[in-house]
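**Q** Please find model_21.pdb (PDB, C-alpha atoms) on the next line:
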ATOM      1  CA  MET A   1     125.491  94.393 -12.649
ATOM      2  CA  LYS A   2     123.159  95.390  -9.828
ATOM      3  CA  ASP A   3     124.905  93.679  -6.919
ATOM      4  CA  PRO A   4     128.670  92.961  -6.871
ATOM      5  CA  TYR A   5     128.189  90.521  -3.982
ATOM      6  CA  ALA A   6     125.808  88.425  -6.089
ATOM      7  CA  ALA A   7     128.207  88.577  -9.048
ATOM      8  CA  LEU A   8     130.859  86.890  -6.886
ATOM      9  CA  GLY A   9     128.379  84.518  -5.227
ATOM     10  CA  LEU A  10     128.889  86.114  -1.804
ATOM     11  CA  THR A  11     126.907  87.744   0.970
ATOM     12  CA  ARG A  12     127.580  91.163   2.477
ATOM     13  CA  SER A  13     129.269  89.513   5.455
ATOM     14  CA  ALA A  14     132.058  88.084   3.233
ATOM     15  CA  THR A  15     135.626  88.670   4.439
ATOM     16  CA  ASP A  16     138.326  90.288   2.295
ATOM     17  CA  LYS A  17     139.944  86.862   1.911
ATOM     18  CA  GLU A  18     136.672  85.297   0.731
ATOM     19  CA  ILE A  19     136.231  88.123  -1.789
ATOM     20  CA  ARG A  20     139.733  87.627  -3.225
ATOM     21  CA  SER A  21     139.271  83.857  -3.349
ATOM     22  CA  ALA A  22     135.897  84.073  -5.100
ATOM     23  CA  TYR A  23     137.235  86.588  -7.606
ATOM     24  CA  ARG A  24     140.298  84.535  -8.528
ATOM     25  CA  LYS A  25     138.208  81.375  -8.931
ATOM     26  CA  LEU A  26     135.560  83.007 -11.137
ATOM     27  CA  ALA A  27     138.073  85.061 -13.152
ATOM     28  CA  LYS A  28     139.950  81.886 -14.071
ATOM     29  CA  GLU A  29     136.706  80.020 -14.802
ATOM     30  CA  HIS A  30     135.390  82.691 -17.195
ATOM     31  CA  HIS A  31     138.711  83.919 -18.598
ATOM     32  CA  PRO A  32     138.512  84.494 -22.393
ATOM     33  CA  ASP A  33     141.622  82.358 -22.953
ATOM     34  CA  HIS A  34     139.732  79.379 -21.513
ATOM     35  CA  ASN A  35     136.460  80.228 -23.269
ATOM     36  CA  PRO A  36     137.269  81.362 -26.825
ATOM     37  CA  ASN A  37     134.349  82.913 -28.750
ATOM     38  CA  ASN A  38     132.053  82.485 -25.741
ATOM     39  CA  LYS A  39     130.068  85.705 -25.303
ATOM     40  CA  LYS A  40     128.370  84.503 -22.133
ATOM     41  CA  ALA A  41     131.708  83.726 -20.466
ATOM     42  CA  GLU A  42     133.104  87.063 -21.668
ATOM     43  CA  GLU A  43     130.213  88.964 -20.077
ATOM     44  CA  ALA A  44     130.564  86.945 -16.871
ATOM     45  CA  PHE A  45     134.299  87.715 -16.792
ATOM     46  CA  LYS A  46     133.604  91.437 -17.148
ATOM     47  CA  ALA A  47     130.950  91.306 -14.419
ATOM     48  CA  VAL A  48     133.329  89.518 -12.054
ATOM     49  CA  GLY A  49     136.054  92.108 -12.726
ATOM     50  CA  ALA A  50     133.650  95.007 -12.171
ATOM     51  CA  ALA A  51     132.419  93.432  -8.926
ATOM     52  CA  TYR A  52     135.963  93.026  -7.637
ATOM     53  CA  ALA A  53     136.759  96.622  -8.579
ATOM     54  CA  ILE A  54     134.186  97.620  -5.937
ATOM     55  CA  LEU A  55     134.556  94.921  -3.285
ATOM     56  CA  GLY A  56     138.332  94.532  -3.617
ATOM     57  CA  ASP A  57     138.784  98.184  -2.631
ATOM     58  CA  LYS A  58     137.993  98.662   1.065
ATOM     59  CA  GLU A  59     136.988 102.298   0.668
ATOM     60  CA  LYS A  60     134.729 101.619  -2.311
ATOM     61  CA  ARG A  61     133.189  98.594  -0.608
ATOM     62  CA  ALA A  62     132.344 100.697   2.436
ATOM     63  CA  ARG A  63     130.831 103.416   0.245
ATOM     64  CA  PHE A  64     128.787 100.868  -1.698
ATOM     65  CA  ASP A  65     127.522  99.294   1.531
ATOM     66  CA  ARG A  66     126.469 102.771   2.730
ATOM     67  CA  GLY A  67     124.672 103.404  -0.560
ATOM     68  CA  GLU A  68     126.965 106.273  -1.596
ATOM     69  CA  ILE A  69     127.993 104.663  -4.920
ATOM     70  CA  ASP A  70     126.318 102.165  -7.220
ATOM     71  CA  ALA A  71     127.616  98.820  -8.475
ATOM     72  CA  GLU A  72     129.643 100.568 -11.202
ATOM     73  CA  GLY A  73     131.325 102.955  -8.790
ATOM     74  CA  ASN A  74     129.218 105.961  -9.815
ATOM     75  CA  GLU A  75     128.076 108.469  -7.219
ATOM     76  CA  ARG A  76     124.467 108.041  -6.235
ATOM     77  CA  GLY A  77     122.259 111.109  -6.514
ATOM     78  CA  PRO A  78     120.814 113.035  -3.573
ATOM     79  CA  PHE A  79     117.526 111.142  -3.977
ATOM     80  CA  GLY A  80     119.342 107.778  -3.957
ATOM     81  CA  GLY A  81     120.324 105.346  -6.645
ATOM     82  CA  GLY A  82     119.723 107.513  -9.698
ATOM     83  CA  GLN A  83     116.888 105.150 -10.555
ATOM     84  CA  GLY A  84     114.293 107.879 -11.252
ATOM     85  CA  PHE A  85     110.883 108.672  -9.776
ATOM     86  CA  HIS A  86     107.693 107.016 -10.862
ATOM     87  CA  GLY A  87     104.179 108.380 -10.545
ATOM     88  CA  GLY A  88     101.149 109.143 -12.640
ATOM     89  CA  GLY A  89     102.572 107.117 -15.512
ATOM     90  CA  ASN A  90     105.551 109.524 -15.940
ATOM     91  CA  GLN A  91     109.220 108.950 -15.123
ATOM     92  CA  PHE A  92     111.621 111.697 -14.087
ATOM     93  CA  ASN A  93     115.328 111.256 -13.693
ATOM     94  CA  GLN A  94     117.710 113.357 -11.693
ATOM     95  CA  GLU A  95     118.598 115.669 -14.568
ATOM     96  CA  ASP A  96     114.880 116.336 -15.274
ATOM     97  CA  LEU A  97     114.382 117.330 -11.644
ATOM     98  CA  GLY A  98     117.454 119.564 -11.794
ATOM     99  CA  ALA A  99     116.084 121.465 -14.768
ATOM    100  CA  PHE A 100     112.647 121.687 -13.153
ATOM    101  CA  PHE A 101     113.911 123.208  -9.902
ATOM    102  CA  SER A 102     116.348 125.477 -11.723
ATOM    103  CA  ASP A 103     113.569 126.872 -13.905
ATOM    104  CA  MET A 104     111.227 127.329 -10.945
ATOM    105  CA  PHE A 105     113.673 129.263  -8.771
ATOM    106  CA  SER A 106     115.521 131.226 -11.445
ATOM    107  CA  GLY A 107     112.581 132.208 -13.586
ATOM    108  CA  GLY A 108     113.351 129.825 -16.419
ATOM    109  CA  GLY A 109     117.107 130.399 -16.312
ATOM    110  CA  THR A 110     119.914 128.085 -17.402
ATOM    111  CA  GLY A 111     118.226 124.760 -16.931
ATOM    112  CA  ALA A 112     121.417 123.513 -15.244
ATOM    113  CA  ASP A 113     121.703 120.021 -13.816
ATOM    114  CA  PHE A 114     120.548 119.635 -10.230
ATOM    115  CA  GLY A 115     123.544 119.702  -7.853
ATOM    116  CA  GLY A 116     125.351 121.593  -5.100
ATOM    117  CA  GLY A 117     122.741 122.722  -2.570
ATOM    118  CA  PRO A 118     119.168 121.390  -2.378
ATOM    119  CA  PHE A 119     118.062 123.685  -5.225
ATOM    120  CA  GLY A 120     121.460 124.876  -6.491
ATOM    121  CA  GLY A 121     122.113 125.926 -10.011
ATOM    122  CA  ARG A 122     125.713 124.651 -10.053
ATOM    123  CA  ARG A 123     126.242 122.055 -12.728
ATOM    124  CA  ARG A 124     126.570 118.577 -11.245
ATOM    125  CA  THR A 125     129.686 116.509 -11.992
ATOM    126  CA  ARG A 126     130.227 112.813 -11.650
ATOM    127  CA  ARG A 127     133.422 110.773 -11.634
ATOM    128  CA  GLY A 128     133.864 108.390 -14.548
ATOM    129  CA  ALA A 129     133.314 104.668 -14.075
ATOM    130  CA  ASP A 130     136.200 102.285 -13.494
ATOM    131  CA  ARG A 131     136.931  99.843 -16.321
ATOM    132  CA  SER A 132     138.251  96.299 -15.860
ATOM    133  CA  TYR A 133     140.732  94.588 -18.193
ATOM    134  CA  THR A 134     142.981  91.516 -18.197
ATOM    135  CA  LEU A 135     146.669  91.398 -19.128
ATOM    136  CA  THR A 136     148.482  88.073 -19.608
ATOM    137  CA  VAL A 137     152.201  87.990 -18.760
ATOM    138  CA  SER A 138     154.771  85.198 -18.853
ATOM    139  CA  PHE A 139     155.973  83.553 -15.645
ATOM    140  CA  GLU A 140     159.444  85.020 -16.180
ATOM    141  CA  ASP A 141     158.064  88.570 -16.539
ATOM    142  CA  SER A 142     155.992  88.118 -13.389
ATOM    143  CA  VAL A 143     159.069  87.282 -11.294
ATOM    144  CA  LEU A 144     161.499  89.742 -12.908
ATOM    145  CA  GLY A 145     159.115  92.630 -13.608
ATOM    146  CA  THR A 146     158.601  94.328 -16.960
ATOM    147  CA  THR A 147     156.804  97.126 -18.784
ATOM    148  CA  SER A 148     154.041  96.255 -21.217
ATOM    149  CA  ARG A 149     152.279  98.530 -23.710
ATOM    150  CA  VAL A 150     148.549  97.942 -23.915
ATOM    151  CA  THR A 151     145.740  99.679 -25.775
ATOM    152  CA  LEU A 152     142.697 100.658 -23.727
ATOM    153  CA  PRO A 153     139.445 101.609 -25.496
ATOM    154  CA  GLU A 154     139.098 104.920 -23.646
ATOM    155  CA  ALA A 155     142.725 105.815 -22.931
ATOM    156  CA  GLY A 156     144.655 104.776 -26.033
ATOM    157  CA  THR A 157     148.042 103.075 -25.736
ATOM    158  CA  VAL A 158     149.523 103.202 -22.231
ATOM    159  CA  GLU A 159     152.511 101.638 -20.500
ATOM    160  CA  VAL A 160     151.739  99.240 -17.676
ATOM    161  CA  LYS A 161     154.579  98.603 -15.233
ATOM    162  CA  ILE A 162     154.519  95.023 -13.965
ATOM    163  CA  PRO A 163     156.321  94.907 -10.595
ATOM    164  CA  ALA A 164     158.631  91.995  -9.875
ATOM    165  CA  GLY A 165     156.797  89.399  -7.812
ATOM    166  CA  ILE A 166     153.255  90.134  -8.993
ATOM    167  CA  GLU A 167     150.967  87.120  -8.606
ATOM    168  CA  ASP A 168     148.249  85.645 -10.766
ATOM    169  CA  GLY A 169     144.940  87.417 -10.120
ATOM    170  CA  GLN A 170     146.421  90.608  -8.671
ATOM    171  CA  THR A 171     145.053  93.895  -9.990
ATOM    172  CA  LEU A 172     146.948  97.032 -11.007
ATOM    173  CA  ARG A 173     145.166 100.405 -10.935
ATOM    174  CA  LEU A 174     145.846 103.026 -13.618
ATOM    175  CA  SER A 175     144.432 106.297 -12.291
ATOM    176  CA  GLY A 176     142.357 108.328 -14.728
ATOM    177  CA  LYS A 177     142.469 105.704 -17.510
ATOM    178  CA  GLY A 178     138.873 104.511 -17.121
ATOM    179  CA  GLY A 179     135.553 105.980 -18.243
ATOM    180  CA  ALA A 180     135.209 109.725 -18.845
ATOM    181  CA  GLY A 181     133.638 111.848 -16.111
ATOM    182  CA  MET A 182     130.304 113.633 -16.483
ATOM    183  CA  GLY A 183     130.356 117.412 -16.325
ATOM    184  CA  GLU A 184     133.031 120.075 -16.512
ATOM    185  CA  ASN A 185     136.385 119.029 -15.011
ATOM    186  CA  ALA A 186     134.880 115.759 -13.755
ATOM    187  CA  PRO A 187     137.653 113.213 -13.079
ATOM    188  CA  ALA A 188     137.885 110.078 -15.192
ATOM    189  CA  GLY A 189     137.583 106.657 -13.604
ATOM    190  CA  ASP A 190     140.439 104.204 -13.252
ATOM    191  CA  ALA A 191     141.504 101.244 -15.387
ATOM    192  CA  LEU A 192     141.791  98.072 -13.311
ATOM    193  CA  ILE A 193     144.242  95.641 -14.917
ATOM    194  CA  THR A 194     143.946  92.077 -13.624
ATOM    195  CA  ILE A 195     147.147  90.120 -14.229
ATOM    196  CA  SER A 196     146.986  86.573 -15.572
ATOM    197  CA  VAL A 197     150.333  84.757 -15.203
ATOM    198  CA  THR A 198     151.117  81.966 -17.666
ATOM    199  CA  PRO A 199     152.305  78.888 -15.705
ATOM    200  CA  SER A 200     155.928  77.832 -16.189
ATOM    201  CA  THR A 201     156.976  74.385 -17.376
ATOM    202  CA  ILE A 202     160.243  74.728 -15.436
ATOM    203  CA  TYR A 203     159.597  76.582 -12.196
ATOM    204  CA  THR A 204     157.138  76.593  -9.350
ATOM    205  CA  ARG A 205     156.873  79.559  -7.014
ATOM    206  CA  ASP A 206     157.130  79.458  -3.222
ATOM    207  CA  GLY A 207     156.697  83.014  -1.946
ATOM    208  CA  ARG A 208     159.660  84.894  -3.419
ATOM    209  CA  ASP A 209     161.647  81.679  -3.972
ATOM    210  CA  LEU A 210     161.511  79.469  -7.041
ATOM    211  CA  ARG A 211     161.922  75.707  -7.291
ATOM    212  CA  ALA A 212     162.948  73.557 -10.247
ATOM    213  CA  ASN A 213     163.797  69.921 -10.952
ATOM    214  CA  VAL A 214     167.045  69.507 -12.927
ATOM    215  CA  PRO A 215     168.406  66.252 -14.419
ATOM    216  CA  VAL A 216     172.000  65.165 -13.673
ATOM    217  CA  ASP A 217     173.885  62.267 -15.269
ATOM    218  CA  LEU A 218     175.077  59.320 -13.206
ATOM    219  CA  GLU A 219     178.795  60.123 -13.521
ATOM    220  CA  THR A 220     178.347  63.704 -12.247
ATOM    221  CA  ALA A 221     176.093  62.480  -9.445
ATOM    222  CA  ILE A 222     178.765  60.045  -8.264
ATOM    223  CA  LEU A 223     181.967  61.998  -8.879
ATOM    224  CA  GLY A 224     180.628  65.562  -8.659
ATOM    225  CA  GLY A 225     181.044  68.202 -11.354
ATOM    226  CA  LYS A 226     179.392  71.172 -13.015
ATOM    227  CA  ILE A 227     175.994  71.386 -14.691
ATOM    228  CA  VAL A 228     174.141  74.202 -16.449
ATOM    229  CA  ILE A 229     171.031  75.466 -14.634
ATOM    230  CA  PRO A 230     168.268  77.514 -16.335
ATOM    231  CA  THR A 231     167.144  80.584 -14.386
ATOM    232  CA  PRO A 232     164.675  83.369 -15.293
ATOM    233  CA  LYS A 233     167.659  85.675 -15.862
ATOM    234  CA  GLY A 234     169.543  83.180 -18.023
ATOM    235  CA  GLN A 235     171.670  80.056 -17.650
ATOM    236  CA  VAL A 236     174.277  79.682 -14.898
ATOM    237  CA  THR A 237     176.834  76.979 -14.093
ATOM    238  CA  MET A 238     176.440  75.193 -10.769
ATOM    239  CA  LYS A 239     178.666  72.756  -8.859
ATOM    240  CA  VAL A 240     177.243  69.362  -7.947
ATOM    241  CA  PRO A 241     178.957  67.765  -4.947
ATOM    242  CA  PRO A 242     180.096  64.096  -5.176
ATOM    243  CA  HIS A 243     177.636  61.365  -4.146
ATOM    244  CA  SER A 244     174.561  63.497  -4.926
ATOM    245  CA  ASP A 245     171.390  61.446  -5.120
ATOM    246  CA  THR A 246     167.965  62.113  -6.587
ATOM    247  CA  GLY A 247     166.226  64.584  -4.278
ATOM    248  CA  THR A 248     169.408  66.469  -3.363
ATOM    249  CA  VAL A 249     168.523  70.193  -3.140
ATOM    250  CA  LEU A 250     171.005  72.897  -4.110
ATOM    251  CA  ARG A 251     170.502  76.657  -3.680
ATOM    252  CA  LEU A 252     171.237  79.484  -6.108
ATOM    253  CA  GLY A 253     171.110  82.697  -4.074
ATOM    254  CA  GLY A 254     169.265  85.674  -5.543
ATOM    255  CA  ARG A 255     167.998  83.769  -8.602
ATOM    256  CA  GLY A 256     164.346  83.675  -7.544
ATOM    257  CA  VAL A 257     161.833  86.539  -7.672
ATOM    258  CA  ALA A 258     163.756  89.752  -8.372
ATOM    259  CA  GLU A 259     164.274  92.437  -5.741
ATOM    260  CA  HIS A 260     161.460  94.987  -5.556
ATOM    261  CA  GLY A 261     161.013  97.806  -3.075
ATOM    262  CA  GLN A 262     161.665  96.473   0.420
ATOM    263  CA  HIS A 263     161.545  92.876  -0.796
ATOM    264  CA  LYS A 264     164.924  91.227  -1.294
ATOM    265  CA  ALA A 265     165.536  88.876  -4.206
ATOM    266  CA  GLY A 266     164.436  85.308  -3.594
ATOM    267  CA  ASN A 267     166.453  82.133  -4.198
ATOM    268  CA  LEU A 268     166.225  79.330  -6.739
ATOM    269  CA  TYR A 269     166.201  75.850  -5.179
ATOM    270  CA  VAL A 270     167.280  73.097  -7.559
ATOM    271  CA  THR A 271     166.246  69.493  -6.878
ATOM    272  CA  LEU A 272     168.505  66.989  -8.648
ATOM    273  CA  GLN A 273     166.996  64.114 -10.628
ATOM    274  CA  VAL A 274     169.619  61.457 -11.445
ATOM    275  CA  ARG A 275     169.316  60.169 -15.017
ATOM    276  CA  ILE A 276     171.248  57.090 -16.180
ATOM    277  CA  GLY A 277     171.379  57.974 -19.869
ATOM    278  CA  ASP A 278     173.617  55.860 -22.137
ATOM    279  CA  VAL A 279     175.396  53.200 -20.061
ATOM    280  CA  ASP A 280     179.111  52.639 -20.688
ATOM    281  CA  PRO A 281     179.733  48.930 -21.402
ATOM    282  CA  LYS A 282     182.631  48.963 -18.910
ATOM    283  CA  LEU A 283     180.313  50.271 -16.189
ATOM    284  CA  GLU A 284     177.751  47.617 -17.034
ATOM    285  CA  ALA A 285     180.437  44.937 -16.886
ATOM    286  CA  PHE A 286     181.631  46.269 -13.523
ATOM    287  CA  PHE A 287     178.156  45.984 -11.988
ATOM    288  CA  ALA A 288     177.713  42.514 -13.478
ATOM    289  CA  GLU A 289     181.011  41.441 -11.897
ATOM    290  CA  GLN A 290     180.001  42.901  -8.556
ATOM    291  CA  ARG A 291     176.674  41.076  -8.666
ATOM    292  CA  ALA A 292     178.347  37.761  -9.472
ATOM    293  CA  GLN A 293     180.859  38.199  -6.676
ATOM    294  CA  GLN A 294     178.105  38.958  -4.144
ATOM    295  CA  ALA A 295     176.215  35.849  -5.266
ATOM    296  CA  GLU A 296     179.299  33.670  -4.645
ATOM    297  CA  GLU A 297     179.837  35.139  -1.195
ATOM    298  CA  ALA A 298     176.217  34.485  -0.288
TER     299      ALA A 298
END
Just dump the structure as structure tokens.

**A**
Amino acid sequence: MKDPYAALGLTRSATDKEIRSAYRKLAKEHHPDHNPNNKKAEEAFKAVGAAYAILGDKEKRARFDRGEIDAEGNERGPFGGGQGFHGGGNQFNQEDLGAFFSDMFSGGGTGADFGGGPFGGRRRTRRGADRSYTLTVSFEDSVLGTTSRVTLPEAGTVEVKIPAGIEDGQTLRLSGKGGAGMGENAPAGDALITISVTPSTIYTRDGRDLRANVPVDLETAILGGKIVIPTPKGQVTMKVPPHSDTGTVLRLGGRGVAEHGQHKAGNLYVTLQVRIGDVDPKLEAFFAEQRAQQAEEA
């Protein structure tokens, strides 16, 4: 990837919101779960993640725009870009130049990498590259929070803490779990874990609140009573007031997205859907009698 802006289909004037939007759209489009055994989609997904690792971080974006780091987050050399020098049919890279200057000024000494001052003999170090990964979590885990053990190619098995309330497309940063650094004591890069939340068949999310449609039988809707409501934390019993119609909304306090940090727990809003079910013959006869009586009066 030479240009993270191009990878996301953006220009350098893109806003933070446009960057997030483009990333989420492309990450979903090329996600491996939606494109099984598709190498091209897999490479595109990795490129999109690597681009967002740069542009989604304000500091890194600013450094990239100034030319201080390349598209992979690596420090650019003092002669810019680390792309090498061309001339006379030969190509020299930064390390070749370092050895050349070191030999010239130290009488053929250590041949250390070029770094430090303009002709310094101190060995140059470079921070490791960031690595992008995807972790799929259930809807319930995304609203309650959890800890997941994942295996990273360069960091082994690590625990990833999923905070309550994380949203689809958000990225978690694991410091020092990315690519190895270059040189003595060079810091490793970070692992960027993009979260993919599996949609729920029961709930929809509205900020830190959840919403769900729940069926209620005709008798309970008319007379009132208790029904069992599913929540991410488990089932609870809820009172239905008499004369509740389809569309009646009831609230279960604190049963939405779990509390996290300064964020209080959200609520679960239940919308009742009246279901007739099996009709008692006596009830059917009652309505038939009522209809006949109304016809006579008319």

**Q** Between CA of Leu152 in chain A and CA of Tyr133 in chain A, what is the distance, to one decimal in Å?

**A**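 These atoms are spaced 8.4 Å apart.
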
**Q** Do you have the CA of Ala44 in chain A-CA of His30 in chain A distance handy?

**A** 6.4 Å

**Q** Taking the file as I've supplied it (selection: the PyMOL selection byres ((chain A and resi 182-193) around 7)), which residues are included? Please answer as an mmCIF file with C-alpha atoms, in the frame of the given file.

**A**
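Now in selection-v2.cif:
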data_model
loop_
_atom_site.group_PDB
_atom_site.id
_atom_site.type_symbol
_atom_site.label_atom_id
_atom_site.label_comp_id
_atom_site.auth_asym_id
_atom_site.auth_seq_id
_atom_site.Cartn_x
_atom_site.Cartn_y
_atom_site.Cartn_z
ATOM 1 C CA ARG A 124 126.570 118.577 -11.245
ATOM 2 C CA THR A 125 129.686 116.509 -11.992
ATOM 3 C CA ARG A 126 130.227 112.813 -11.650
ATOM 4 C CA ARG A 127 133.422 110.773 -11.634
ATOM 5 C CA GLY A 128 133.864 108.390 -14.548
ATOM 6 C CA ALA A 129 133.314 104.668 -14.075
ATOM 7 C CA ASP A 130 136.200 102.285 -13.494
ATOM 8 C CA ARG A 131 136.931 99.843 -16.321
ATOM 9 C CA SER A 132 138.251 96.299 -15.860
ATOM 10 C CA TYR A 133 140.732 94.588 -18.193
ATOM 11 C CA THR A 134 142.981 91.516 -18.197
ATOM 12 C CA LEU A 135 146.669 91.398 -19.128
ATOM 13 C CA THR A 171 145.053 93.895 -9.990
ATOM 14 C CA LEU A 172 146.948 97.032 -11.007
ATOM 15 C CA ARG A 173 145.166 100.405 -10.935
ATOM 16 C CA LEU A 174 145.846 103.026 -13.618
ATOM 17 C CA SER A 175 144.432 106.297 -12.291
ATOM 18 C CA GLY A 176 142.357 108.328 -14.728
ATOM 19 C CA LYS A 177 142.469 105.704 -17.510
ATOM 20 C CA GLY A 178 138.873 104.511 -17.121
ATOM 21 C CA GLY A 179 135.553 105.980 -18.243
ATOM 22 C CA ALA A 180 135.209 109.725 -18.845
ATOM 23 C CA GLY A 181 133.638 111.848 -16.111
ATOM 24 C CA THR A 194 143.946 92.077 -13.624
ATOM 25 C CA ILE A 195 147.147 90.120 -14.229
#

**Q** Rounded to one decimal, what separation in Å do you get between CA of Lys25 in chain A and CA of Ser196 in chain A?

**A**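 Taking CA of Lys25 in chain A as the start and CA of Ser196 in chain A as the end point, the length is 12.2 Å.
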
**Q** Going by the chain IDs and residue numbers used in this file, which residues fall under the PyMOL selection byres ((chain A and resi 236) around 12)? Write them as a list in words.

**A**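 Applying the expression gives Lys226, Ile227, Val228, Ile229, Pro230, Thr231, Pro232, Lys233, Gly234, Gln235, Thr237, Met238, Lys239, Leu252, Gly253, Arg255 and Leu268 of chain A.
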
**Q** Using C-alpha atoms, can you write the selected residues to a file as a PDB file, keeping the file's coordinate frame?

**A**
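Below is the file selection-v7.pdb, written as the result:
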ATOM      1  CA  LYS A 226     179.392  71.172 -13.015  1.00  0.00           C
ATOM      2  CA  ILE A 227     175.994  71.386 -14.691  1.00  0.00           C
ATOM      3  CA  VAL A 228     174.141  74.202 -16.449  1.00  0.00           C
ATOM      4  CA  ILE A 229     171.031  75.466 -14.634  1.00  0.00           C
ATOM      5  CA  PRO A 230     168.268  77.514 -16.335  1.00  0.00           C
ATOM      6  CA  THR A 231     167.144  80.584 -14.386  1.00  0.00           C
ATOM      7  CA  PRO A 232     164.675  83.369 -15.293  1.00  0.00           C
ATOM      8  CA  LYS A 233     167.659  85.675 -15.862  1.00  0.00           C
ATOM      9  CA  GLY A 234     169.543  83.180 -18.023  1.00  0.00           C
ATOM     10  CA  GLN A 235     171.670  80.056 -17.650  1.00  0.00           C
ATOM     11  CA  THR A 237     176.834  76.979 -14.093  1.00  0.00           C
ATOM     12  CA  MET A 238     176.440  75.193 -10.769  1.00  0.00           C
ATOM     13  CA  LYS A 239     178.666  72.756  -8.859  1.00  0.00           C
ATOM     14  CA  LEU A 252     171.237  79.484  -6.108  1.00  0.00           C
ATOM     15  CA  GLY A 253     171.110  82.697  -4.074  1.00  0.00           C
ATOM     16  CA  ARG A 255     167.998  83.769  -8.602  1.00  0.00           C
ATOM     17  CA  LEU A 268     166.225  79.330  -6.739  1.00  0.00           C
TER      18      LEU A 268
END

**Q** Around (128.4, 89.4, 0.1), as given in the file, which residues come within 12 Å? Count only C-alpha atoms and list them as a list in words.

**A**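 With a cut-off of 12 Å, the residues come to Asp3, Pro4, Tyr5, Ala6, Ala7, Leu8, Gly9, Leu10, Thr11, Arg12, Ser13, Ala14, Thr15, Asp16, Lys17, Glu18, Ile19, Arg20, Ala22, Ala51, Tyr52, Ile54, Leu55, Gly56, Arg61, Phe64 and Asp65 of chain A.
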
**Q** Could you check the closest approach to Ala265 in chain A for each of A:Ala53, A:Leu210, A:Val150, A:Ala27 and tell me which residue wins, using only C-alpha atoms?

**A** A:Leu210

**Q** Could you check which of A:Ala298, A:Glu29, A:Phe139, A:Gly247 is closest to Gln273 in chain A, using only C-alpha atoms?

**A**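 Residue with the minimum atom-to-atom distance to Gln273 in chain A: A:Gly247.
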
**Q** Which one of A:Thr204, A:Asn74, A:Ser142, A:Thr157 sits closest to His260 in chain A if you count all atoms listed in the file?

**A**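 Answer, going by the shortest atom-to-atom distance: A:Ser142.
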
**Q** If we count only C-alpha atoms and set the cut-off at 10 Å, which residues sit around Glu259 in chain A, ignoring sequence neighbours fewer than 4 positions away in its own chain? Please answer as a PyMOL selection string.

**A** chain A and resi 143-145+163-165+208+254-255+263-266

**Q** From the set A:Asp245, A:Glu297, A:Glu167, A:Asp278, which residue has the shortest atom-to-atom contact distance to Val257 in chain A, counting all atoms listed in the file?

**A**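 Result for the nearest residue to Val257 in chain A: A:Glu167.
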
**Q** Of the candidates A:Thr220, A:Arg275, A:Arg211, A:Gly49, which one gets nearest to Leu250 in chain A if we count all atoms listed in the file?

**A**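 Smallest separation from Leu250 in chain A among the options: A:Arg211.
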
**Q** If we count only C-alpha atoms, what is near Val279 in chain A at a cut-off of 12 Å, once residues fewer than 6 positions away on the same chain are taken out, given as an mmCIF file with C-alpha atoms, in the coordinates of the input?

**A**
data_model
loop_
_atom_site.group_PDB
_atom_site.id
_atom_site.type_symbol
_atom_site.label_atom_id
_atom_site.label_comp_id
_atom_site.auth_asym_id
_atom_site.auth_seq_id
_atom_site.Cartn_x
_atom_site.Cartn_y
_atom_site.Cartn_z
ATOM 1 C CA ASP A 217 173.885 62.267 -15.269
ATOM 2 C CA LEU A 218 175.077 59.320 -13.206
ATOM 3 C CA GLU A 219 178.795 60.123 -13.521
ATOM 4 C CA ALA A 285 180.437 44.937 -16.886
ATOM 5 C CA PHE A 286 181.631 46.269 -13.523
ATOM 6 C CA PHE A 287 178.156 45.984 -11.988
#

**Q** Measuring between only C-alpha atoms, which one of A:Pro36, A:Gly67, A:Gly169, A:Gly256 shows the shortest distance to Ser21 in chain A?

**A** A:Gly169

**Q** Just say which residues the PyMOL selection byres ((chain A and resi 161) around 9) picks in this file, as a list in words.

**A**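 Here the PyMOL selection byres ((chain A and resi 161) around 9) matches Gly145, Thr146, Thr147, Ser148, Arg149, Glu159, Val160, Ile162, Pro163 and Leu172 of chain A.
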